[in-house]
Amino acid sequence: MYVMKKSRFQMLTVMLAFTLFAGWGCYNDAVIYPAGDFTGEVSFTGDVIPIFNADCNTSGCHNPGGIKPDLSPANAYISLTTVGYINTGAPEESELYRWMKGLEAVPMPPSGSDALNTSIVLAWIQQGALEN
């Protein structure tokens with residue numbers, strides 16, 4: 001009986017160690033693009049507008065008649081580029097990017113933005129903030 005208990009203890013120890021190591025390995029599998037490291041071509045309508053649709057232009061926020069800038073699909077490009085929210089000469093100083101990064105007094109969105117969305121927006125600005 002002692003041999004059987006020792007064997008079970010060893011098996012449980014090995015299973016626990018495997019579970020811990022497997023968990024650590026999976027933890028680092030997520031792809032996170034730090035600001036400026038997103039290298040793909042960014043489309044305003046295909047990549048940036050979906051971010052705004054998911055996080056920004058909800059009812060009462062950055063939509064027509066809401067908080068400026070208006071980030072609805074029909075108005076986002078003009079709202080961002082004509083009032084100075086975008087700085088293609090110094091993309092990291094763009095007000096839009098600074099809000100998303102949490103560098104302004106009131107970060108946008110208030111719940112914070114994930115690193116991938118922030119990197120996509122920064123890449124779009126770095127690529128000239130085109131209406132594509």
# chains A, B, ... in the order shown; residues from 1 in each chain; ligands from 1

$ residues_around --residues "A:Gly84" --least-positions-apart "3" --cutoff "10 Å" --atoms "only C-alpha atoms" --output "list in words"
Ser79, Leu80, Thr81, Asn87, Ser94, Glu95 and Leu96 of chain A

$ write_last_selection --atoms "N, CA, C and O atoms" --output "mmCIF file, in the first residue's frame"
data_model
loop_
_atom_site.group_PDB
_atom_site.id
_atom_site.type_symbol
_atom_site.label_atom_id
_atom_site.label_comp_id
_atom_site.auth_asym_id
_atom_site.auth_seq_id
_atom_site.Cartn_x
_atom_site.Cartn_y
_atom_site.Cartn_z
ATOM 1 N N SER A 79 -13.498 64.344 -39.333
ATOM 2 C CA SER A 79 -13.426 64.806 -37.942
ATOM 3 C C SER A 79 -12.006 64.720 -37.386
ATOM 4 O O SER A 79 -11.589 65.589 -36.623
ATOM 5 N N LEU A 80 -11.282 63.703 -37.764
ATOM 6 C CA LEU A 80 -9.929 63.507 -37.237
ATOM 7 C C LEU A 80 -8.879 64.357 -37.951
ATOM 8 O O LEU A 80 -7.954 64.857 -37.324
ATOM 9 N N THR A 81 -9.029 64.514 -39.257
ATOM 10 C CA THR A 81 -7.956 65.147 -40.034
ATOM 11 C C THR A 81 -8.091 66.654 -40.190
ATOM 12 O O THR A 81 -7.100 67.314 -40.468
ATOM 13 N N ASN A 87 -1.339 63.879 -36.317
ATOM 14 C CA ASN A 87 -0.094 64.571 -36.647
ATOM 15 C C ASN A 87 0.795 63.577 -37.387
ATOM 16 O O ASN A 87 1.485 62.769 -36.761
ATOM 17 N N SER A 94 0.194 62.545 -31.942
ATOM 18 C CA SER A 94 -1.194 62.703 -32.372
ATOM 19 C C SER A 94 -2.116 62.556 -31.175
ATOM 20 O O SER A 94 -1.966 61.636 -30.364
ATOM 21 N N GLU A 95 -3.072 63.456 -31.076
ATOM 22 C CA GLU A 95 -4.003 63.431 -29.948
ATOM 23 C C GLU A 95 -4.780 62.119 -29.896
ATOM 24 O O GLU A 95 -4.980 61.555 -28.814
ATOM 25 N N LEU A 96 -5.203 61.611 -31.044
ATOM 26 C CA LEU A 96 -5.934 60.346 -31.085
ATOM 27 C C LEU A 96 -5.094 59.216 -30.477
ATOM 28 O O LEU A 96 -5.568 58.467 -29.624
#

$ closest_residue --among "A:Ile49, A:Leu122, A:Met108, A:Cys56" --to "A:Ala90" --atoms "only C-alpha atoms"
A:Leu122

$ residues_around --residues "A:Tyr97" --least-positions-apart "4" --cutoff "10 Å" --atoms "only C-alpha atoms" --output "PDB file with N, CA and C atoms, in the first residue's frame"
ATOM      1  N   ALA A  35       3.406  49.635 -29.564  1.00  0.00           N
ATOM      2  CA  ALA A  35       3.192  50.807 -30.402  1.00  0.00           C
ATOM      3  C   ALA A  35       4.338  50.956 -31.381  1.00  0.00           C
ATOM      4  N   TYR A  85      -6.457  66.240 -34.742  1.00  0.00           N
ATOM      5  CA  TYR A  85      -6.302  65.057 -33.894  1.00  0.00           C
ATOM      6  C   TYR A  85      -5.184  64.142 -34.400  1.00  0.00           C
ATOM      7  N   ILE A  86      -4.756  64.369 -35.649  1.00  0.00           N
ATOM      8  CA  ILE A  86      -3.747  63.532 -36.295  1.00  0.00           C
ATOM      9  C   ILE A  86      -2.530  64.389 -36.631  1.00  0.00           C
ATOM     10  N   ASN A  87      -1.339  63.879 -36.317  1.00  0.00           N
ATOM     11  CA  ASN A  87      -0.094  64.571 -36.647  1.00  0.00           C
ATOM     12  C   ASN A  87       0.795  63.577 -37.387  1.00  0.00           C
ATOM     13  N   PRO A  91       3.742  61.141 -35.423  1.00  0.00           N
ATOM     14  CA  PRO A  91       2.579  60.294 -35.125  1.00  0.00           C
ATOM     15  C   PRO A  91       2.348  60.025 -33.638  1.00  0.00           C
ATOM     16  N   GLU A  92       3.423  59.842 -32.869  1.00  0.00           N
ATOM     17  CA  GLU A  92       3.265  59.550 -31.443  1.00  0.00           C
ATOM     18  C   GLU A  92       2.707  60.744 -30.668  1.00  0.00           C
ATOM     19  N   GLU A  93       2.728  61.925 -31.284  1.00  0.00           N
ATOM     20  CA  GLU A  93       2.177  63.122 -30.653  1.00  0.00           C
ATOM     21  C   GLU A  93       0.730  63.385 -31.081  1.00  0.00           C
ATOM     22  N   LYS A 101      -3.545  55.554 -25.985  1.00  0.00           N
ATOM     23  CA  LYS A 101      -2.411  55.052 -25.212  1.00  0.00           C
ATOM     24  C   LYS A 101      -2.565  55.364 -23.724  1.00  0.00           C
ATOM     25  N   GLY A 102      -3.521  56.257 -23.386  1.00  0.00           N
ATOM     26  CA  GLY A 102      -3.732  56.625 -21.993  1.00  0.00           C
ATOM     27  C   GLY A 102      -2.797  57.719 -21.525  1.00  0.00           C
ATOM     28  N   LEU A 103      -2.254  58.496 -22.460  1.00  0.00           N
ATOM     29  CA  LEU A 103      -1.308  59.550 -22.115  1.00  0.00           C
ATOM     30  C   LEU A 103      -1.973  60.902 -21.886  1.00  0.00           C
ATOM     31  N   GLU A 104      -3.252  60.995 -22.127  1.00  0.00           N
ATOM     32  CA  GLU A 104      -4.003  62.228 -21.892  1.00  0.00           C
ATOM     33  C   GLU A 104      -4.723  62.104 -20.554  1.00  0.00           C
ATOM     34  N   PRO A 107      -8.123  59.144 -20.766  1.00  0.00           N
ATOM     35  CA  PRO A 107      -7.822  58.212 -21.855  1.00  0.00           C
ATOM     36  C   PRO A 107      -9.097  57.746 -22.540  1.00  0.00           C
ATOM     37  N   MET A 108      -9.006  57.490 -23.833  1.00  0.00           N
ATOM     38  CA  MET A 108     -10.143  56.994 -24.594  1.00  0.00           C
ATOM     39  C   MET A 108      -9.788  55.642 -25.160  1.00  0.00           C
ATOM     40  N   THR A 118      -4.261  50.070 -30.567  1.00  0.00           N
ATOM     41  CA  THR A 118      -3.432  51.265 -30.477  1.00  0.00           C
ATOM     42  C   THR A 118      -2.328  51.223 -31.525  1.00  0.00           C
ATOM     43  N   SER A 119      -1.717  50.064 -31.723  1.00  0.00           N
ATOM     44  CA  SER A 119      -0.659  49.916 -32.719  1.00  0.00           C
ATOM     45  C   SER A 119      -1.185  50.081 -34.133  1.00  0.00           C
ATOM     46  N   ILE A 120      -2.380  49.579 -34.395  1.00  0.00           N
ATOM     47  CA  ILE A 120      -2.975  49.728 -35.723  1.00  0.00           C
ATOM     48  C   ILE A 120      -3.228  51.197 -36.018  1.00  0.00           C
ATOM     49  N   VAL A 121      -3.785  51.924 -35.070  1.00  0.00           N
ATOM     50  CA  VAL A 121      -4.048  53.352 -35.275  1.00  0.00           C
ATOM     51  C   VAL A 121      -2.741  54.113 -35.461  1.00  0.00           C
ATOM     52  N   LEU A 122      -1.733  53.805 -34.658  1.00  0.00           N
ATOM     53  CA  LEU A 122      -0.443  54.472 -34.821  1.00  0.00           C
ATOM     54  C   LEU A 122       0.160  54.162 -36.188  1.00  0.00           C
ATOM     55  N   ILE A 125      -1.478  56.259 -38.835  1.00  0.00           N
ATOM     56  CA  ILE A 125      -0.970  57.635 -38.812  1.00  0.00           C
ATOM     57  C   ILE A 125       0.428  57.682 -39.418  1.00  0.00           C
TER      58      ILE A 125
END

$ residues_around --residues "A:Thr58" --least-positions-apart "5" --cutoff "12 Å" --atoms "only C-alpha atoms" --output "list in words"
Pro50, Ile51, Phe52, Asn53, Asn63, Pro64, Gly65, Gly66, Ile67, Asp70, Leu71, Ser72, Pro73 and Pro109 of chain A
